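Undergrad: Below are the structure tokens for one structure; questions will follow.
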Amino acid sequence: MSMDKPMNPYRPIRIGAAQVRLLERLCNACAVSGDEGEVRKIVLDEIRPVVDEVKVDALGNVLAVRRSSGQIPRLGVMLDAHMDEVGFMITHDESDGIFRFDTVGGIDIRQLAGKPVWIGRDHIPGVIGAKPFHLTEVKEMESPISLETLRIDVGPGSTKVKTGDRAAFATSFLRVGPSLRAKALDDRLGVAILIELLKNPPPSVDLLAAFSVQEEIGARGARVAAFAFDPDLAVAVDSTPANDLPSWDDSENVAYNTHLGAGPALYVADAGTLSDPRLIRHFMQTAEALEIPYQLRQPGSGGTDAGAIHRQRAGIPSLSISVPGRYPHTAASITRVEDWQNTLSLLYAGLDRLTPAVLAEER
Amino acid sequence: MKSLIQKLVETPSPSGYESQIRAVIRAEIESYVDEMKVDALGNLIARKGQGSKNGQKVMLSAHIDEIGIIATHVDENGFVRFTTVGGVRPLYCVGGRVRFLNGRIGVIGVERTEDPSKIPAIDQMFIDLGFSSRKEASVKVGDIAAFERPFTDLGDRLVSKAMDDRVGVAVLIETLRQLKDTPHQLFFVFSTQEEVGLRGATTAAFGVDPDLGLAVDVTGSGDTPKGMKMEVGLGKGPAIKVRDGGMLSDPRVVDWMVRTAEKAKLPYQLEVLEGGTTDAKAIQLARAGVPVGCLSIPTRYVHSPSEMVDYNDVQNAVRLMVALLSQPVKLG
């Protein structure tokens, strides 16, 4: 649902050069599920000066609290963004710098051959080798390449790569006009948004920020984070696919999930969550009142940390809001700065307008 | 009780959007309970009884949601694409009707398929609400609908699109009304979002923190032509669940239920269900674990627009529930 752009768009926090530089550092860092230390360090450095409390829990989640001095009673809102990204794990050393590997999180094997990767905490460069065209028979080209036949090639002599190391796509962050191209925009965009909100908090709520781990392998970090916070409500901030290119046969694309440039995507239903209708309404009304563009993500499969959060304890009203992005879970995804900005604006405004009255009526 | 069942099954309330049915239930039970509340996920939790030295904290659960569909796209000609909410079977969809929560009714159509002998997939179907353009459509992405089919009374057999689990809800309501006295603190949970993964019962069980749990839900039957292999049949009494696809009943709870049925001379069957599960699974796994069982209403054609139960089984389920909850529970 795109709207005409207002003359003076509502921008309580502006995405400027500093914000883009921070996102660049976040995206270039490697944090494949279970090994989120590199992103965690950036997060901790950024938020320590501004939060009231911060700790790293047993699973590696960063749990930070920034209290408001605003009106009482006020709501404690859990904001969640996951630090981890999809990638690979080295499984066998076949000597001479050749390694077998497995995927971590949802990755389509068909697009791996030929992609460069960074391995381990030192970002050792490697490549997922592909059989050269010259030697490939026509028949071979008709079927996908199986994971069993793929190897990561680091070259001989490196003693630093070992079994159990993670590897990530080796894609450096790039700004191209209104767009950003990077790996791991899912969910460093969310991480960057949470950092901005902690630095410039909406005054009416207490922020309980979870920078979660292991989302890509089943929302494991968010589950324990939500149990620990036991918040009044939760918003998962993530990135969701925009499969919005025209259909190859010119028919109407009815399965786009979201559209790039159409604003933050509010979730009604995915495989893990039926969003709290009170929160959907609240954020839709906020967007309409302030003329912030937004869209409804197509209900369907997929899931976010909200799926784990809303089932904790006696139940937590939850919603997901995502920045749309093309080609997530591949080597290079693309997003629009404008969608990032509007997601941040909608979150700030929606949180600031949250009062206990929003949850006083029954779901 | 038939009119109660009819009222319950004709109130549309797909998973996540149970406010209409909750209001109906609340009005039915208000004068029979000591206390009521609605939790964060929309579960209606009603307490009856203070508890006594011989009593326990017992959670009873019947889910108030039903399977349905949700709009994913409205095309330029006003046709609505959709996906499923809960275990909707494509086989039963084409030619069916749905009612959106705003009251609009639509019929389910299907694209022309190359092989008419194959069951079409949900993404080949669409809903026709009589619109001729996107602009005209009063349905938008994210709007939810329940299947639309009238309640039918065949005498002993009752048919509806939402016997699963309004018949369980009816059993709990009627139990509340008939139960004179109980040594227990009973928490009647009218749970939400069961059809999408026992979500309501999960959080309700954490909140209630019971000593014992019982779900009341439908189960399948093996008494139709070339049907599934299952001992359970319609009209042979409510089924005491031994196991299903997600849970093993606590054998002490099964024994207690069997003993009570025999003492009260009520017909019952033992149920072993290969697939599917109920709120009892969620209760069993809450906190540090809870002994659970489940009383099932044998049902034909589950998750079709015409789910069929036997009225005698329903009445006997109420009698058994009342017998179970009137006395102290000793798990042997």
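By convention in this document, the chains of the structure tokens carry letters A, B, ... by their order, each chain's residues are numbered from 1, and ligands are numbered from 1 in the order they are shown.
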Looking only at helix (DSSP H, G or I) from DSSP on the backbone, list the matching residues of region 191-294 of chain A as a compact mmCIF listing (two decimals) with N, CA and C atoms, in the first residue's frame.

TA:
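Result file selection_34.txt:
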# COMPACT_ATOMS: atom_id res chain seq x y z
N VAL A 191 18.81 -4.76 13.98
CA VAL A 191 19.79 -4.44 15.03
C VAL A 191 20.08 -2.94 15.03
N ALA A 192 20.28 -2.39 13.83
CA ALA A 192 20.58 -0.96 13.72
C ALA A 192 19.40 -0.12 14.22
N ILE A 193 18.19 -0.55 13.92
CA ILE A 193 16.99 0.18 14.36
C ILE A 193 16.89 0.17 15.88
N LEU A 194 17.14 -0.99 16.49
CA LEU A 194 17.07 -1.08 17.96
C LEU A 194 18.12 -0.17 18.60
N ILE A 195 19.31 -0.14 18.02
CA ILE A 195 20.37 0.72 18.58
C ILE A 195 19.92 2.19 18.54
N GLU A 196 19.33 2.61 17.40
CA GLU A 196 18.86 4.00 17.29
C GLU A 196 17.77 4.30 18.32
N LEU A 197 16.87 3.34 18.52
CA LEU A 197 15.77 3.57 19.47
C LEU A 197 16.29 3.63 20.90
N LEU A 198 17.32 2.87 21.20
CA LEU A 198 17.91 2.95 22.55
C LEU A 198 18.61 4.29 22.75
N LYS A 199 19.22 4.80 21.68
CA LYS A 199 19.90 6.08 21.78
C LYS A 199 18.91 7.25 21.85
N ARG A 220 15.74 -19.46 18.82
CA ARG A 220 16.09 -20.03 20.13
C ARG A 220 16.45 -18.96 21.15
N GLY A 221 17.17 -17.95 20.71
CA GLY A 221 17.58 -16.91 21.65
C GLY A 221 16.39 -16.10 22.17
N ALA A 222 15.48 -15.75 21.27
CA ALA A 222 14.34 -14.90 21.64
C ALA A 222 13.47 -15.57 22.69
N ARG A 223 13.42 -16.89 22.62
CA ARG A 223 12.58 -17.64 23.55
C ARG A 223 13.02 -17.39 24.99
N VAL A 224 14.31 -17.52 25.24
CA VAL A 224 14.77 -17.33 26.62
C VAL A 224 14.81 -15.85 26.99
N ALA A 225 15.04 -15.00 25.99
CA ALA A 225 15.04 -13.55 26.26
C ALA A 225 13.66 -13.09 26.71
N ALA A 226 12.62 -13.58 26.04
CA ALA A 226 11.25 -13.18 26.40
C ALA A 226 10.87 -13.72 27.78
N PHE A 227 11.32 -14.93 28.08
CA PHE A 227 11.06 -15.48 29.42
C PHE A 227 11.70 -14.58 30.47
N ALA A 228 12.91 -14.13 30.20
CA ALA A 228 13.63 -13.31 31.18
C ALA A 228 12.97 -11.93 31.34
N PHE A 229 12.61 -11.30 30.24
CA PHE A 229 12.04 -9.94 30.32
C PHE A 229 10.60 -9.95 30.83
N PRO A 277 -4.08 -8.53 17.23
CA PRO A 277 -4.82 -7.56 16.40
C PRO A 277 -4.83 -6.15 16.98
N ARG A 278 -4.72 -6.03 18.31
CA ARG A 278 -4.70 -4.70 18.92
C ARG A 278 -3.43 -3.96 18.52
N LEU A 279 -2.33 -4.69 18.42
CA LEU A 279 -1.07 -4.04 18.05
C LEU A 279 -1.03 -3.73 16.55
N ILE A 280 -1.61 -4.63 15.73
CA ILE A 280 -1.69 -4.34 14.29
C ILE A 280 -2.46 -3.04 14.10
N ARG A 281 -3.62 -2.96 14.75
CA ARG A 281 -4.46 -1.76 14.62
C ARG A 281 -3.71 -0.52 15.09
N HIS A 282 -3.05 -0.64 16.22
CA HIS A 282 -2.34 0.51 16.79
C HIS A 282 -1.28 1.04 15.82
N PHE A 283 -0.49 0.16 15.26
CA PHE A 283 0.57 0.62 14.37
C PHE A 283 0.02 1.08 13.01
N MET A 284 -1.07 0.47 12.55
CA MET A 284 -1.69 0.94 11.31
C MET A 284 -2.25 2.35 11.50
N GLN A 285 -2.92 2.55 12.62
CA GLN A 285 -3.51 3.87 12.88
C GLN A 285 -2.42 4.93 13.04
N THR A 286 -1.32 4.54 13.69
CA THR A 286 -0.19 5.47 13.85
C THR A 286 0.36 5.86 12.49
N ALA A 287 0.55 4.86 11.63
CA ALA A 287 1.10 5.13 10.30
C ALA A 287 0.18 6.06 9.52
N GLU A 288 -1.12 5.79 9.61
CA GLU A 288 -2.06 6.61 8.84
C GLU A 288 -2.12 8.03 9.38
N ALA A 289 -2.08 8.17 10.70
CA ALA A 289 -2.15 9.51 11.30
C ALA A 289 -0.93 10.35 10.91
N LEU A 290 0.23 9.72 10.83
CA LEU A 290 1.46 10.48 10.55
C LEU A 290 1.89 10.39 9.09

Undergrad: Find the residues of chain A in contact range of chain B, meaning any atom within 10 Å when counting only C-alpha atoms, and list them as a count of residues only.

TA: 41

Undergrad: Please report, as JSON lines, each residue of region 110-224 of chain B lying at most 8 Å from region 90-105 of chain B, together with the nearest pair of atoms and the separation in Å rounded to one decimal; use only C-alpha atoms, and order rows by chain and ascending residue number.

TA:
{"residue": "B:Val110", "atom": "CA", "partner": "B:Val94", "partner_atom": "CA", "distance": 6.6}
{"residue": "B:Ile119", "atom": "CA", "partner": "B:Leu91", "partner_atom": "CA", "distance": 6.1}
{"residue": "B:Pro120", "atom": "CA", "partner": "B:Pro90", "partner_atom": "CA", "distance": 6.9}
{"residue": "B:Ala121", "atom": "CA", "partner": "B:Pro90", "partner_atom": "CA", "distance": 6.3}
{"residue": "B:Ile122", "atom": "CA", "partner": "B:Pro90", "partner_atom": "CA", "distance": 6.1}
{"residue": "B:Met125", "atom": "CA", "partner": "B:Val94", "partner_atom": "CA", "distance": 7.5}
{"residue": "B:Leu129", "atom": "CA", "partner": "B:Ile105", "partner_atom": "CA", "distance": 6.2}
{"residue": "B:Asp143", "atom": "CA", "partner": "B:Phe100", "partner_atom": "CA", "distance": 7.1}
{"residue": "B:Ile144", "atom": "CA", "partner": "B:Phe100", "partner_atom": "CA", "distance": 5.8}
{"residue": "B:Ala145", "atom": "CA", "partner": "B:Phe100", "partner_atom": "CA", "distance": 4.0}
{"residue": "B:Ala146", "atom": "CA", "partner": "B:Arg99", "partner_atom": "CA", "distance": 5.5}
{"residue": "B:Phe147", "atom": "CA", "partner": "B:Val98", "partner_atom": "CA", "distance": 4.3}
{"residue": "B:Glu148", "atom": "CA", "partner": "B:Val98", "partner_atom": "CA", "distance": 4.9}
{"residue": "B:Arg149", "atom": "CA", "partner": "B:Arg97", "partner_atom": "CA", "distance": 7.5}

Undergrad: Any chance you can output those residues with N, CA and C atoms as a PDB file, in the first residue's frame?

TA:
ATOM      1  N   VAL B 110     -11.574 -22.105  -8.526  1.00  0.00           N
ATOM      2  CA  VAL B 110     -10.257 -22.675  -8.808  1.00  0.00           C
ATOM      3  C   VAL B 110      -9.876 -22.395 -10.256  1.00  0.00           C
ATOM      4  N   ILE B 119      -6.012 -33.130  -7.043  1.00  0.00           N
ATOM      5  CA  ILE B 119      -6.553 -32.135  -6.112  1.00  0.00           C
ATOM      6  C   ILE B 119      -5.759 -30.844  -6.276  1.00  0.00           C
ATOM      7  N   PRO B 120      -6.439 -29.728  -6.577  1.00  0.00           N
ATOM      8  CA  PRO B 120      -5.689 -28.483  -6.766  1.00  0.00           C
ATOM      9  C   PRO B 120      -5.072 -27.985  -5.454  1.00  0.00           C
ATOM     10  N   ALA B 121      -3.992 -27.227  -5.597  1.00  0.00           N
ATOM     11  CA  ALA B 121      -3.345 -26.645  -4.423  1.00  0.00           C
ATOM     12  C   ALA B 121      -4.072 -25.356  -4.042  1.00  0.00           C
ATOM     13  N   ILE B 122      -3.880 -24.953  -2.788  1.00  0.00           N
ATOM     14  CA  ILE B 122      -4.558 -23.746  -2.301  1.00  0.00           C
ATOM     15  C   ILE B 122      -4.192 -22.529  -3.158  1.00  0.00           C
ATOM     16  N   MET B 125      -6.384 -21.645  -5.990  1.00  0.00           N
ATOM     17  CA  MET B 125      -7.779 -21.275  -5.687  1.00  0.00           C
ATOM     18  C   MET B 125      -7.888 -19.780  -5.399  1.00  0.00           C
ATOM     19  N   LEU B 129     -16.036 -12.841  -4.178  1.00  0.00           N
ATOM     20  CA  LEU B 129     -17.025 -12.202  -3.301  1.00  0.00           C
ATOM     21  C   LEU B 129     -18.001 -11.344  -4.090  1.00  0.00           C
ATOM     22  N   ASP B 143      -7.185 -10.038   6.011  1.00  0.00           N
ATOM     23  CA  ASP B 143      -8.528 -10.295   6.542  1.00  0.00           C
ATOM     24  C   ASP B 143      -8.760 -11.799   6.623  1.00  0.00           C
ATOM     25  N   ILE B 144      -9.470 -12.197   7.655  1.00  0.00           N
ATOM     26  CA  ILE B 144      -9.587 -13.623   7.968  1.00  0.00           C
ATOM     27  C   ILE B 144     -11.048 -14.061   7.847  1.00  0.00           C
ATOM     28  N   ALA B 145     -11.243 -15.320   7.495  1.00  0.00           N
ATOM     29  CA  ALA B 145     -12.604 -15.828   7.292  1.00  0.00           C
ATOM     30  C   ALA B 145     -12.722 -17.253   7.815  1.00  0.00           C
ATOM     31  N   ALA B 146     -13.942 -17.624   8.196  1.00  0.00           N
ATOM     32  CA  ALA B 146     -14.244 -19.005   8.590  1.00  0.00           C
ATOM     33  C   ALA B 146     -15.086 -19.643   7.491  1.00  0.00           C
ATOM     34  N   PHE B 147     -15.103 -20.961   7.458  1.00  0.00           N
ATOM     35  CA  PHE B 147     -15.951 -21.635   6.489  1.00  0.00           C
ATOM     36  C   PHE B 147     -17.412 -21.426   6.881  1.00  0.00           C
ATOM     37  N   GLU B 148     -18.265 -21.449   5.867  1.00  0.00           N
ATOM     38  CA  GLU B 148     -19.676 -21.134   6.064  1.00  0.00           C
ATOM     39  C   GLU B 148     -20.490 -22.360   5.667  1.00  0.00           C
ATOM     40  N   ARG B 149     -21.244 -22.908   6.630  1.00  0.00           N
ATOM     41  CA  ARG B 149     -22.078 -24.083   6.343  1.00  0.00           C
ATOM     42  C   ARG B 149     -23.078 -24.201   7.489  1.00  0.00           C
TER      43      ARG B 149
END

Undergrad: Please indicate the distance in Å from CA of Lys160 (chain A) to CA of Asp102 (chain A), rounded to one decimal place.

TA: 18.4 Å

Undergrad: Could you give me, as a list in words, the residues within 9 Å of Gly97 (chain A), counting only C-alpha atoms and dropping anything in the same chain fewer than 6 positions from it?

TA: Ile152, Asp153, Val154, Gly155, Pro156, Gly157, Ser158, Thr159 and Val161 of chain A

Undergrad: Using only C-alpha atoms, please write the residues we just selected to a file, as a PDB file, in the first residue's frame.

TA:
ATOM      1  CA  ILE A 152      35.137 -24.456   0.374  1.00  0.00           C
ATOM      2  CA  ASP A 153      38.612 -23.851  -1.035  1.00  0.00           C
ATOM      3  CA  VAL A 154      40.922 -21.739   1.107  1.00  0.00           C
ATOM      4  CA  GLY A 155      44.155 -22.762  -0.535  1.00  0.00           C
ATOM      5  CA  PRO A 156      46.952 -24.667   1.152  1.00  0.00           C
ATOM      6  CA  GLY A 157      48.996 -23.228   3.992  1.00  0.00           C
ATOM      7  CA  SER A 158      46.273 -21.760   6.159  1.00  0.00           C
ATOM      8  CA  THR A 159      46.324 -23.372   9.573  1.00  0.00           C
ATOM      9  CA  VAL A 161      40.554 -22.872   9.475  1.00  0.00           C
TER      10      VAL A 161
END

Undergrad: Env of region 276-284 of chain B: 7 Å cut, atoms = only C-alpha atoms, seq-sep filter 3 positions within chain, self excluded. Answer as a list in words.

TA: Ser61, Glu194, Leu198, Ala201, Thr202, Ala205, Gly213, Leu214, Ala215, Asp217, Asp244, Gly245, Gly246, Met247, Gly289, Val290, Pro291, Val292, Gly293 and Cys294 of chain B

Undergrad: Within 12 Å of Asp84 (chain A), counting only C-alpha atoms, which residues show up once you throw out same-chain ones fewer than 3 positions away? Write them as an MDAnalysis selection string, please.

TA: chainID A and resid 26:27 29:40 60:62 81 87 104:105 166 168 183:191 211:222 238 305 329

Undergrad: Tell me, as a ChimeraX atom specification, which residues lie within 7 Å of Arg74 (chain A), counting only C-alpha atoms; anything in the same chain fewer than 3 positions away does not count.

TA: /A:71,204-205,355-356

Undergrad: Filtering to N, CA and C atoms, could you give me those residues as a PDB file, in the first residue's frame?

TA:
ATOM      1  N   GLN A  71       5.323   9.187  32.081  1.00  0.00           N
ATOM      2  CA  GLN A  71       4.147   8.957  32.924  1.00  0.00           C
ATOM      3  C   GLN A  71       4.028   7.516  33.401  1.00  0.00           C
ATOM      4  N   SER A 204       7.461   7.486  26.163  1.00  0.00           N
ATOM      5  CA  SER A 204       6.333   6.952  26.941  1.00  0.00           C
ATOM      6  C   SER A 204       6.453   5.495  27.380  1.00  0.00           C
ATOM      7  N   VAL A 205       7.478   4.783  26.964  1.00  0.00           N
ATOM      8  CA  VAL A 205       7.568   3.363  27.347  1.00  0.00           C
ATOM      9  C   VAL A 205       8.965   3.031  27.872  1.00  0.00           C
ATOM     10  N   THR A 355      -0.095   3.267  25.150  1.00  0.00           N
ATOM     11  CA  THR A 355      -0.467   3.437  26.552  1.00  0.00           C
ATOM     12  C   THR A 355      -1.113   2.128  27.005  1.00  0.00           C
ATOM     13  N   PRO A 356      -1.233   1.913  28.315  1.00  0.00           N
ATOM     14  CA  PRO A 356      -1.893   0.691  28.786  1.00  0.00           C
ATOM     15  C   PRO A 356      -3.284   0.514  28.187  1.00  0.00           C
TER      16      PRO A 356
END

Undergrad: Just list the residues in region 169-232 of chain B DSSP gives strand (DSSP E or B) on the backbone, as a list of chain:residue names.

TA: B:Gln185, B:Leu186, B:Phe187, B:Phe188, B:Val189, B:Phe190, B:Ser191, B:Leu212, B:Gly213, B:Leu214, B:Ala215, B:Val216, B:Asp217, B:Val218, B:Thr219

Undergrad: Using Å and a single decimal, report how far CA of Ser320 (chain A) sits from CA of Asn243 (chain A).

TA: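 One can read the CA of Asn243 (chain A) to CA of Ser320 (chain A) distance as 18.4 Å.
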
Undergrad: Leaving out Met257 (chain B) and any residue of its chain fewer than 6 positions from it, which residues lie within 10 Å of it when counting only C-alpha atoms, given as an MDAnalysis selection string?

TA: chainID B and resid 240:241 251 263 268 293:295 320:321 323:324 329
